[in-house]
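Text of the file work.tsv, holding TSV, C-alpha atoms:
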chain	number	residue	atom	x	y	z
A	25	MET	CA	-92.05	19.25	-86.49
A	26	ALA	CA	-88.56	19.11	-87.84
A	27	SER	CA	-86.71	15.87	-88.19
A	28	SER	CA	-83.11	15.01	-89.00
A	29	GLN	CA	-81.23	16.92	-91.69
A	30	ASN	CA	-83.52	19.99	-91.27
A	31	ARG	CA	-86.52	18.25	-92.82
A	32	THR	CA	-90.17	18.70	-91.91
A	33	LEU	CA	-92.62	15.79	-91.81
A	34	THR	CA	-95.57	16.50	-94.10
A	35	ALA	CA	-97.21	13.06	-94.28
A	36	LEU	CA	-97.12	9.63	-92.63
A	37	VAL	CA	-99.04	6.54	-93.77
A	38	ILE	CA	-98.86	3.22	-91.88
A	39	PHE	CA	-99.86	-0.16	-93.33
A	40	GLN	CA	-100.32	-3.58	-91.72
A	41	ASN	CA	-99.79	-6.88	-93.51
A	42	PHE	CA	-103.06	-8.77	-93.10
A	43	LEU	CA	-101.38	-12.10	-93.93
A	44	TYR	CA	-98.63	-11.55	-91.35
A	45	PRO	CA	-100.18	-9.19	-88.77
A	46	VAL	CA	-96.95	-8.44	-86.89
A	47	MET	CA	-95.45	-6.81	-89.98
A	48	PHE	CA	-95.99	-3.11	-90.63
A	49	ARG	CA	-94.75	-0.67	-93.26
A	50	SER	CA	-94.69	3.11	-93.04
A	51	VAL	CA	-94.32	5.77	-95.73
A	52	HIS	CA	-92.77	9.03	-94.48
A	53	VAL	CA	-92.87	12.20	-96.60
A	54	TYR	CA	-90.54	15.08	-95.68
A	55	ARG	CA	-89.97	18.56	-97.09
A	56	THR	CA	-86.42	19.90	-97.04
A	57	GLU	CA	-85.41	23.52	-96.49
A	58	GLY	CA	-85.04	23.91	-100.24
A	59	GLY	CA	-88.64	22.83	-100.79
A	60	LYS	CA	-87.73	19.38	-102.15
A	61	GLU	CA	-89.99	16.49	-101.19
A	62	GLU	CA	-88.39	13.25	-99.99
A	63	MET	CA	-90.26	9.96	-99.48
A	64	GLU	CA	-88.99	7.07	-97.35
A	65	GLU	CA	-90.53	3.65	-96.77
A	66	ARG	CA	-89.66	1.49	-93.77
A	67	GLU	CA	-90.61	-1.95	-92.49
A	68	TYR	CA	-91.14	-3.02	-88.86
A	69	LEU	CA	-91.91	-6.18	-86.93
A	70	PHE	CA	-94.21	-5.69	-83.94
A	71	HIS	CA	-93.29	-8.82	-81.98
A	72	GLU	CA	-95.76	-9.89	-79.31
A	73	THR	CA	-93.20	-11.38	-76.93
A	74	SER	CA	-90.07	-9.37	-77.74
A	75	ASN	CA	-89.07	-5.82	-78.64
A	76	PHE	CA	-90.21	-4.17	-81.84
A	77	GLU	CA	-87.59	-3.89	-84.57
A	78	GLU	CA	-87.01	-2.15	-87.87
A	79	THR	CA	-86.23	-4.76	-90.51
A	80	GLY	CA	-85.69	-2.79	-93.70
A	81	PHE	CA	-86.29	0.30	-95.80
A	82	ALA	CA	-86.42	-1.08	-99.37
A	83	PRO	CA	-89.51	0.22	-101.24
A	84	VAL	CA	-92.41	-2.18	-101.71
A	85	ILE	CA	-95.57	-0.08	-101.44
A	86	THR	CA	-93.86	2.91	-103.08
A	87	LEU	CA	-92.12	0.83	-105.72
A	88	HIS	CA	-94.60	2.25	-108.19
A	89	LYS	CA	-96.38	5.62	-108.08
A	90	PHE	CA	-97.65	6.39	-104.57
A	91	ASP	CA	-100.13	9.22	-103.99
A	92	VAL	CA	-100.42	10.20	-100.32
A	93	SER	CA	-103.58	12.23	-100.94
A	94	ALA	CA	-105.35	9.09	-102.20
A	95	GLN	CA	-104.70	7.10	-99.01
A	96	PHE	CA	-107.30	6.57	-96.30
A	97	VAL	CA	-107.75	4.20	-93.38
A	98	GLY	CA	-108.97	0.81	-94.60
A	99	ILE	CA	-107.67	1.02	-98.19
A	100	GLU	CA	-105.71	-2.04	-99.30
A	101	ASN	CA	-102.52	-2.08	-101.35
A	102	GLY	CA	-101.84	-5.72	-102.18
A	103	VAL	CA	-101.46	-7.54	-98.85
A	104	TRP	CA	-101.07	-4.23	-97.00
A	105	LYS	CA	-104.01	-2.52	-95.28
A	106	CYS	CA	-103.82	1.17	-94.37
A	107	MET	CA	-104.15	1.64	-90.60
A	108	PHE	CA	-103.18	5.29	-90.10
A	109	VAL	CA	-102.93	8.45	-92.20
A	110	TYR	CA	-101.53	11.88	-91.42
A	111	ASP	CA	-101.34	14.38	-94.30
A	112	SER	CA	-100.63	18.03	-93.50
A	113	GLY	CA	-101.79	19.02	-96.98
A	114	ARG	CA	-105.40	17.99	-96.39
A	115	HIS	CA	-108.05	20.28	-94.97
A	116	GLN	CA	-109.64	17.27	-93.27
A	117	SER	CA	-107.60	14.22	-92.32
A	118	THR	CA	-109.00	10.74	-92.64
A	119	SER	CA	-110.35	9.32	-89.40
A	120	THR	CA	-111.31	6.13	-87.60
A	121	ASN	CA	-113.27	5.62	-84.42
A	122	ALA	CA	-110.08	5.21	-82.40
A	123	SER	CA	-106.35	5.09	-82.95
A	124	PRO	CA	-104.81	1.59	-83.07
A	125	GLU	CA	-103.43	0.35	-79.73
A	126	TRP	CA	-99.87	0.24	-81.00
A	127	LEU	CA	-99.86	4.02	-81.58
A	128	SER	CA	-100.11	4.72	-77.85
A	129	PHE	CA	-96.75	5.13	-76.14
A	130	ALA	CA	-98.41	4.69	-72.74
A	131	GLU	CA	-100.05	1.41	-73.78
A	132	ASN	CA	-97.17	0.24	-75.94
A	133	PRO	CA	-93.73	1.28	-74.57
A	134	LYS	CA	-92.01	-1.02	-77.08
A	135	MET	CA	-92.56	1.76	-79.66
A	136	GLU	CA	-89.38	3.34	-78.28
A	137	PHE	CA	-87.33	0.57	-79.93
A	138	ILE	CA	-88.28	1.87	-83.40
A	139	PRO	CA	-87.39	5.59	-83.16
A	140	THR	CA	-87.72	6.23	-86.91
A	141	LEU	CA	-91.48	5.70	-86.51
A	142	ALA	CA	-91.93	6.71	-82.87
A	143	ASN	CA	-90.34	10.15	-83.32
A	144	ASP	CA	-92.63	11.07	-86.21
A	145	LEU	CA	-95.73	9.83	-84.35
A	146	ARG	CA	-94.71	11.84	-81.29
A	147	ALA	CA	-94.19	14.94	-83.42
A	148	ILE	CA	-97.69	14.56	-84.91
A	149	SER	CA	-99.19	14.21	-81.45
A	150	GLU	CA	-97.36	17.32	-80.21
A	151	LEU	CA	-98.60	19.25	-83.23
A	152	ALA	CA	-102.18	18.27	-82.39
A	153	LEU	CA	-101.83	19.58	-78.84
A	154	ASN	CA	-100.27	22.82	-80.10
A	155	VAL	CA	-103.17	23.33	-82.50
A	156	GLU	CA	-105.67	22.74	-79.68
A	157	PHE	CA	-104.03	25.29	-77.39
A	158	ARG	CA	-103.73	27.88	-80.19
A	159	GLU	CA	-107.43	27.52	-80.92
A	160	LEU	CA	-108.29	27.90	-77.24
A	161	SER	CA	-106.05	30.97	-76.89
A	162	GLY	CA	-107.68	32.58	-79.92
A	163	ARG	CA	-111.16	32.09	-78.54
A	164	SER	CA	-110.24	33.29	-75.05
A	165	SER	CA	-109.17	36.70	-76.42
A	166	THR	CA	-112.73	37.33	-77.62
A	167	GLU	CA	-114.41	36.21	-74.40
A	168	GLU	CA	-114.74	37.95	-71.05
A	169	SER	CA	-111.50	38.31	-69.14
A	170	GLY	CA	-111.10	37.34	-65.51
A	171	GLY	CA	-110.85	34.30	-63.28
A	172	ASN	CA	-114.06	32.72	-64.61
A	173	ASN	CA	-112.73	32.88	-68.17
A	174	ILE	CA	-109.44	31.18	-67.22
A	175	LYS	CA	-111.29	28.49	-65.34
A	176	SER	CA	-113.58	27.95	-68.34
A	177	ASN	CA	-110.60	27.52	-70.66
A	178	GLN	CA	-108.99	25.01	-68.31
A	179	LEU	CA	-112.19	22.96	-68.26
A	180	ASP	CA	-112.37	23.26	-72.05
A	181	VAL	CA	-108.86	21.82	-72.42
A	182	LYS	CA	-109.70	18.90	-70.14
A	183	ARG	CA	-112.84	18.21	-72.15
A	184	ARG	CA	-111.08	18.26	-75.50
A	185	VAL	CA	-107.82	16.41	-74.88
A	186	PRO	CA	-109.39	12.95	-74.33
A	187	PHE	CA	-110.85	13.14	-77.84
A	188	LEU	CA	-107.37	13.48	-79.39
A	189	ASP	CA	-107.10	11.07	-82.30
A	190	LEU	CA	-103.93	10.95	-84.41
A	191	ASN	CA	-106.01	9.87	-87.39
A	192	SER	CA	-108.03	13.12	-87.43
A	193	LEU	CA	-105.83	16.13	-86.73
A	194	PRO	CA	-106.79	18.79	-85.91
A	195	TYR	CA	-110.38	18.72	-84.61
A	196	SER	CA	-112.78	21.48	-85.57
A	197	ASP	CA	-115.58	22.77	-83.35
A	198	SER	CA	-118.13	20.76	-85.31
A	199	ASP	CA	-116.08	17.59	-84.77
A	200	ILE	CA	-116.05	18.20	-80.98
A	201	GLU	CA	-119.80	18.74	-80.89
A	202	GLU	CA	-120.38	15.61	-82.99
A	203	ASN	CA	-118.15	13.54	-80.67
A	204	ASP	CA	-120.03	14.84	-77.62
A	205	GLN	CA	-123.34	13.92	-79.23
A	206	ASN	CA	-122.09	10.45	-80.21
A	207	ALA	CA	-120.76	9.85	-76.69
A	208	SER	CA	-124.16	10.76	-75.25
A	209	GLU	CA	-125.94	8.43	-77.66
A	210	ASN	CA	-123.53	5.58	-76.89
A	211	LYS	CA	-124.23	5.93	-73.16
A	212	LYS	CA	-127.95	5.56	-73.84
A	213	ARG	CA	-127.38	2.40	-75.86
A	214	ARG	CA	-125.14	0.68	-73.32
A	215	ALA	CA	-126.28	-2.51	-71.67
A	216	ALA	CA	-127.81	-2.44	-68.20
A	217	THR	CA	-125.58	-3.19	-65.20
A	218	LYS	CA	-127.34	-6.49	-64.51
A	219	ASP	CA	-126.81	-7.58	-68.13
A	220	ILE	CA	-123.10	-6.74	-67.90
A	221	ALA	CA	-122.79	-8.83	-64.73
A	222	ARG	CA	-124.37	-11.79	-66.53
A	223	LEU	CA	-121.85	-11.69	-69.42
A	224	ALA	CA	-120.23	-15.12	-69.74
A	225	LEU	CA	-117.12	-16.25	-71.59
A	226	GLU	CA	-119.35	-17.72	-74.30
A	227	ASP	CA	-120.82	-14.24	-74.89
A	228	LEU	CA	-117.37	-12.74	-75.37
A	229	ALA	CA	-116.23	-15.61	-77.62
A	230	LYS	CA	-118.83	-14.64	-80.23
A	231	TYR	CA	-116.82	-11.47	-80.89
A	232	PHE	CA	-113.24	-12.73	-80.63
A	233	ASP	CA	-112.91	-12.30	-84.40
A	234	LEU	CA	-113.47	-8.53	-84.02
A	235	PRO	CA	-111.09	-5.86	-82.66
A	236	ILE	CA	-111.81	-5.15	-79.01
A	237	VAL	CA	-113.27	-1.69	-79.76
A	238	GLU	CA	-115.81	-3.15	-82.19
A	239	ALA	CA	-116.54	-6.02	-79.81
A	240	SER	CA	-117.34	-3.59	-76.99
A	241	LYS	CA	-119.80	-1.78	-79.26
A	242	SER	CA	-121.45	-5.04	-80.31
A	243	LEU	CA	-121.78	-6.08	-76.68
A	244	LYS	CA	-123.01	-2.56	-75.79
A	245	VAL	CA	-120.49	-2.16	-73.00
A	246	GLY	CA	-117.69	0.31	-72.48
A	247	LEU	CA	-114.13	-0.61	-73.43
A	248	THR	CA	-112.99	-0.40	-69.78
A	249	VAL	CA	-115.85	-2.67	-68.68
A	250	LEU	CA	-114.97	-5.24	-71.36
A	251	LYS	CA	-111.30	-5.24	-70.31
A	252	LYS	CA	-112.38	-5.77	-66.72
A	253	LYS	CA	-114.52	-8.74	-67.76
A	254	CYS	CA	-111.51	-10.14	-69.65
A	255	ARG	CA	-109.43	-9.99	-66.49
A	256	GLU	CA	-112.19	-11.79	-64.61
A	257	PHE	CA	-112.03	-14.64	-67.14
A	258	GLY	CA	-108.21	-14.69	-67.12
A	259	ILE	CA	-107.82	-13.22	-70.62
A	260	PRO	CA	-104.59	-11.17	-70.61
A	261	ARG	CA	-105.01	-9.95	-74.20
A	262	TRP	CA	-108.03	-9.77	-76.50
A	263	PRO	CA	-107.49	-12.73	-78.91
A	264	HIS	CA	-108.61	-10.96	-82.09
A	265	ARG	CA	-105.19	-11.16	-83.74
A	266	LYS	CA	-104.79	-14.87	-82.96
A	267	ILE	CA	-108.24	-15.71	-84.29
A	268	LYS	CA	-107.73	-13.59	-87.40
A	269	SER	CA	-104.35	-15.21	-88.07
A	270	LEU	CA	-105.80	-18.73	-87.76
A	271	ASP	CA	-108.76	-17.80	-89.98
A	272	SER	CA	-106.31	-16.63	-92.64
A	273	LEU	CA	-104.40	-19.94	-92.45
A	274	ILE	CA	-107.64	-21.93	-92.67
A	275	HIS	CA	-108.69	-19.95	-95.74
A	276	ASP	CA	-105.30	-20.51	-97.40
A	277	LEU	CA	-105.40	-24.24	-96.65
A	278	GLN	CA	-108.92	-24.51	-98.05
A	279	GLU	CA	-107.75	-23.01	-101.35
A	280	GLU	CA	-104.65	-25.21	-101.37
A	281	MET	CA	-106.75	-28.32	-100.67
A	282	GLN	CA	-109.05	-27.57	-103.61
A	283	ARG	CA	-106.04	-27.08	-105.88
A	284	GLN	CA	-104.32	-30.29	-104.73
A	285	GLN	CA	-107.47	-32.36	-105.23
A	286	GLU	CA	-107.02	-31.86	-108.96
A	287	GLU	CA	-103.28	-32.61	-108.94
A	288	ASP	CA	-102.32	-34.88	-106.04
A	289	GLU	CA	-104.93	-36.64	-103.91
A	290	LEU	CA	-102.45	-37.66	-101.18
A	291	ALA	CA	-101.20	-34.09	-100.85
A	292	ALA	CA	-104.82	-32.91	-100.62
A	293	ILE	CA	-105.44	-35.31	-97.72
A	294	ALA	CA	-102.35	-33.99	-95.89
A	295	VAL	CA	-103.53	-30.40	-96.39
A	296	GLU	CA	-106.99	-31.29	-95.13
A	297	GLU	CA	-105.50	-32.87	-92.00
A	298	ARG	CA	-103.48	-29.73	-91.23
A	299	LYS	CA	-106.56	-27.58	-91.83
A	300	ARG	CA	-108.54	-29.74	-89.38
A	301	ARG	CA	-105.82	-29.33	-86.71
A	302	ILE	CA	-105.80	-25.55	-87.09
A	303	GLU	CA	-109.62	-25.44	-86.91
A	304	TYR	CA	-109.43	-27.44	-83.68
A	305	GLU	CA	-106.77	-25.04	-82.37
A	306	ARG	CA	-109.05	-22.11	-83.17
A	307	GLU	CA	-111.91	-23.71	-81.22
A	308	SER	CA	-109.57	-24.32	-78.29
A	309	ILE	CA	-108.52	-20.67	-78.20
A	310	GLU	CA	-112.17	-19.59	-78.21
A	311	LYS	CA	-112.74	-21.76	-75.13
A	312	LYS	CA	-109.41	-20.84	-73.51
A	313	PRO	CA	-108.45	-17.42	-74.97
A	314	PHE	CA	-105.36	-17.18	-72.75
A	315	MET	CA	-103.77	-19.95	-74.85
A	316	ASP	CA	-101.10	-18.99	-77.37
A	317	ILE	CA	-100.87	-20.27	-80.93
A	318	GLN	CA	-98.90	-23.52	-81.04
A	319	LYS	CA	-95.25	-23.36	-82.12
A	320	GLU	CA	-95.89	-25.70	-85.04
A	321	THR	CA	-98.64	-23.40	-86.33
A	322	LYS	CA	-96.42	-20.34	-85.91
A	323	LYS	CA	-93.66	-22.02	-87.89
A	324	PHE	CA	-96.13	-23.00	-90.62
A	325	ARG	CA	-97.45	-19.43	-90.77
A	326	GLN	CA	-93.90	-18.09	-91.00
A	327	ASP	CA	-93.09	-20.49	-93.85
A	328	ILE	CA	-96.14	-19.36	-95.80
A	329	PHE	CA	-95.24	-15.73	-95.32
A	330	LYS	CA	-91.63	-16.28	-96.42
A	331	ARG	CA	-92.70	-18.10	-99.59
A	332	ARG	CA	-95.14	-15.34	-100.51
A	333	TYR	CA	-92.67	-12.62	-99.71
A	334	LYS	CA	-90.00	-14.22	-101.92
A	335	ALA	CA	-92.54	-14.70	-104.70
A	336	ARG	CA	-93.56	-11.03	-104.47
A	337	VAL	CA	-89.94	-9.84	-104.54
A	338	LEU	CA	-89.21	-12.08	-107.54
A	339	GLU	CA	-92.29	-10.72	-109.31
A	340	ASN	CA	-91.19	-7.14	-108.67
A	341	GLN	CA	-87.71	-7.91	-109.99
A	342	CYS	CA	-89.16	-9.44	-113.14
A	343	ARG	CA	-91.18	-6.30	-113.74
A	344	THR	CA	-88.10	-4.11	-113.56
A	345	LEU	CA	-85.91	-6.27	-115.84
A	346	PRO	CA	-85.14	-4.67	-119.25
A	347	LEU	CA	-86.85	-6.23	-122.28
A	348	PHE	CA	-83.57	-6.50	-124.24
Once more with this new file: its structure as structure tokens, please.
Amino acid sequence: MASSQNRTLTALVIFQNFLYPVMFRSVHVYRTEGGKEEMEEREYLFHETSNFEETGFAPVITLHKFDVSAQFVGIENGVWKCMFVYDSGRHQSTSTNASPEWLSFAENPKMEFIPTLANDLRAISELALNVEFRELSGRSSTEESGGNNIKSNQLDVKRRVPFLDLNSLPYSDSDIEENDQNASENKKRRAATKDIARLALEDLAKYFDLPIVEASKSLKVGLTVLKKKCREFGIPRWPHRKIKSLDSLIHDLQEEMQRQQEEDELAAIAVEERKRRIEYERESIEKKPFMDIQKETKKFRQDIFKRRYKARVLENQCRTLPLF
């Protein structure tokens, strides 16, 4: 898994900004031929309507001490939430139920526009497949030889590959058995065919604030079935991110309104009016999930993010200034 300058990737941690969901940061740890460890931090914008781009590599998360071994999916570091962890030094990697959509090159070809992240993710995926095949080869040497054995191994590979999860590399035998058992239990808990056919847009709207994987579990339907229902209702993309973004703006405006009520009543009224418009926009998207967030709201969200980003940079600079 060598990268440029004869370095080997030993760890990769990816964070998402929960205030500005299109912004991601990754921490890459490499080991050089001389045994020296090098850490790099990069920032990316995952645009919905245009190509992904790398926007910088100045340290933010690693500005202070950063311990890769202490990271796990779901941990928060300021406004950054950990979404993916690979650490070759761990006996058991952290795991989630499924890899995020943006990690899939098949589902998300725009990953190719950010090669500094895509290449390392691809290398991790290749390593996982190599580990799987080495394990299968080792077991086949102790089993009966012949055509039946080869056929059994081929079926074993087909059974295992779909469970590949970049957040939990490599799988052990106990993990495979547990996944098989969970898959069997999930099938038993799924909704009946007639109940799936009766699913209405109002039923889906109750779970728009959840990621699509969690929504499918709450509705007790398979992910493929839920996507098919979305197409039936004209929903091109599950609106979780839009709803979550609007909820964050509503929360921020609620706090700002409470603060302004003590300082400037007119400003508080203006904030309340904007909050009411965004709440109405959220309701509209629940009824018509194919709608996009209005340009005015996007601009307002961008302004909030810029102000907070500048404030955070200024705070970090103040911390590093000498006392004398």
Name the residues in contact with region 262-276 of chain A at a cut-off of 7 Å, using only C-alpha atoms, excluding same-chain residues fewer than 6 positions from it; report them as a PyMOL selection string. chain A and resi 43+232-236+299+302+306+313+317
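For the atom pair formed by CA of Cys106 (chain A) and CA of Val51 (chain A), the distance is 10.6 Å, given to one decimal.
Take CA of Phe137 (chain A) and CA of Gln40 (chain A): the distance between them is 18.0 Å.
One distance worth recording is that between CA of Gln282 (chain A) and CA of Glu305 (chain A), which is 21.5 Å.
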Skip region 30-37 of chain A itself and residues of its chain fewer than 3 positions away, then list as a PyMOL selection string all residues within 7 Å of it, counting all atoms listed in the file. chain A and resi 25-27+50-57+108-112
Applying 12 Å and only C-alpha atoms, which residues near Asn75 (chain A) remain after dropping the ones on its own chain fewer than 3 positions away? List them as a PDB file with C-alpha atoms, in the frame of the given file.
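Below you can see part.pdb, which holds the result:
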ATOM      1  CA  VAL A  46     -96.950  -8.440 -86.890  1.00  0.00           C
ATOM      2  CA  TYR A  68     -91.140  -3.020 -88.860  1.00  0.00           C
ATOM      3  CA  LEU A  69     -91.910  -6.180 -86.930  1.00  0.00           C
ATOM      4  CA  PHE A  70     -94.210  -5.690 -83.940  1.00  0.00           C
ATOM      5  CA  HIS A  71     -93.290  -8.820 -81.980  1.00  0.00           C
ATOM      6  CA  GLU A  72     -95.760  -9.890 -79.310  1.00  0.00           C
ATOM      7  CA  GLU A  78     -87.010  -2.150 -87.870  1.00  0.00           C
ATOM      8  CA  ASN A 132     -97.170   0.240 -75.940  1.00  0.00           C
ATOM      9  CA  PRO A 133     -93.730   1.280 -74.570  1.00  0.00           C
ATOM     10  CA  LYS A 134     -92.010  -1.020 -77.080  1.00  0.00           C
ATOM     11  CA  MET A 135     -92.560   1.760 -79.660  1.00  0.00           C
ATOM     12  CA  GLU A 136     -89.380   3.340 -78.280  1.00  0.00           C
ATOM     13  CA  PHE A 137     -87.330   0.570 -79.930  1.00  0.00           C
ATOM     14  CA  ILE A 138     -88.280   1.870 -83.400  1.00  0.00           C
TER      15      ILE A 138
END
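Here the question is which of A:Lys323, A:Lys105, A:Lys311, A:Arg301 gets nearest to Ile259 (chain A) using all atoms listed in the file, and that residue is A:Lys311.
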I'd like the contact shell of Ile220 (chain A) - 9 Å cut-off, only C-alpha atoms, skipping same-chain residues fewer than 6 positions apart - returned as a JSON list (two decimals) with C-alpha atoms, in the coordinates of the input.
[["chain", "number", "residue", "atom", "x", "y", "z"],
["A", 243, "LEU", "CA", -121.78, -6.08, -76.68],
["A", 244, "LYS", "CA", -123.01, -2.56, -75.79],
["A", 245, "VAL", "CA", -120.49, -2.16, -73.00],
["A", 249, "VAL", "CA", -115.85, -2.67, -68.68],
["A", 250, "LEU", "CA", -114.97, -5.24, -71.36],
["A", 253, "LYS", "CA", -114.52, -8.74, -67.76]]
Need to verify the contact set: Phe81 (chain A), 9 Å, all atoms listed in the file, exclusion of same-chain residues closer than 2 positions in sequence. Can you return it as a list of chain:residue names? A:Arg49, A:Glu64, A:Glu65, A:Arg66, A:Glu67, A:Glu78, A:Thr79, A:Pro83, A:Val84
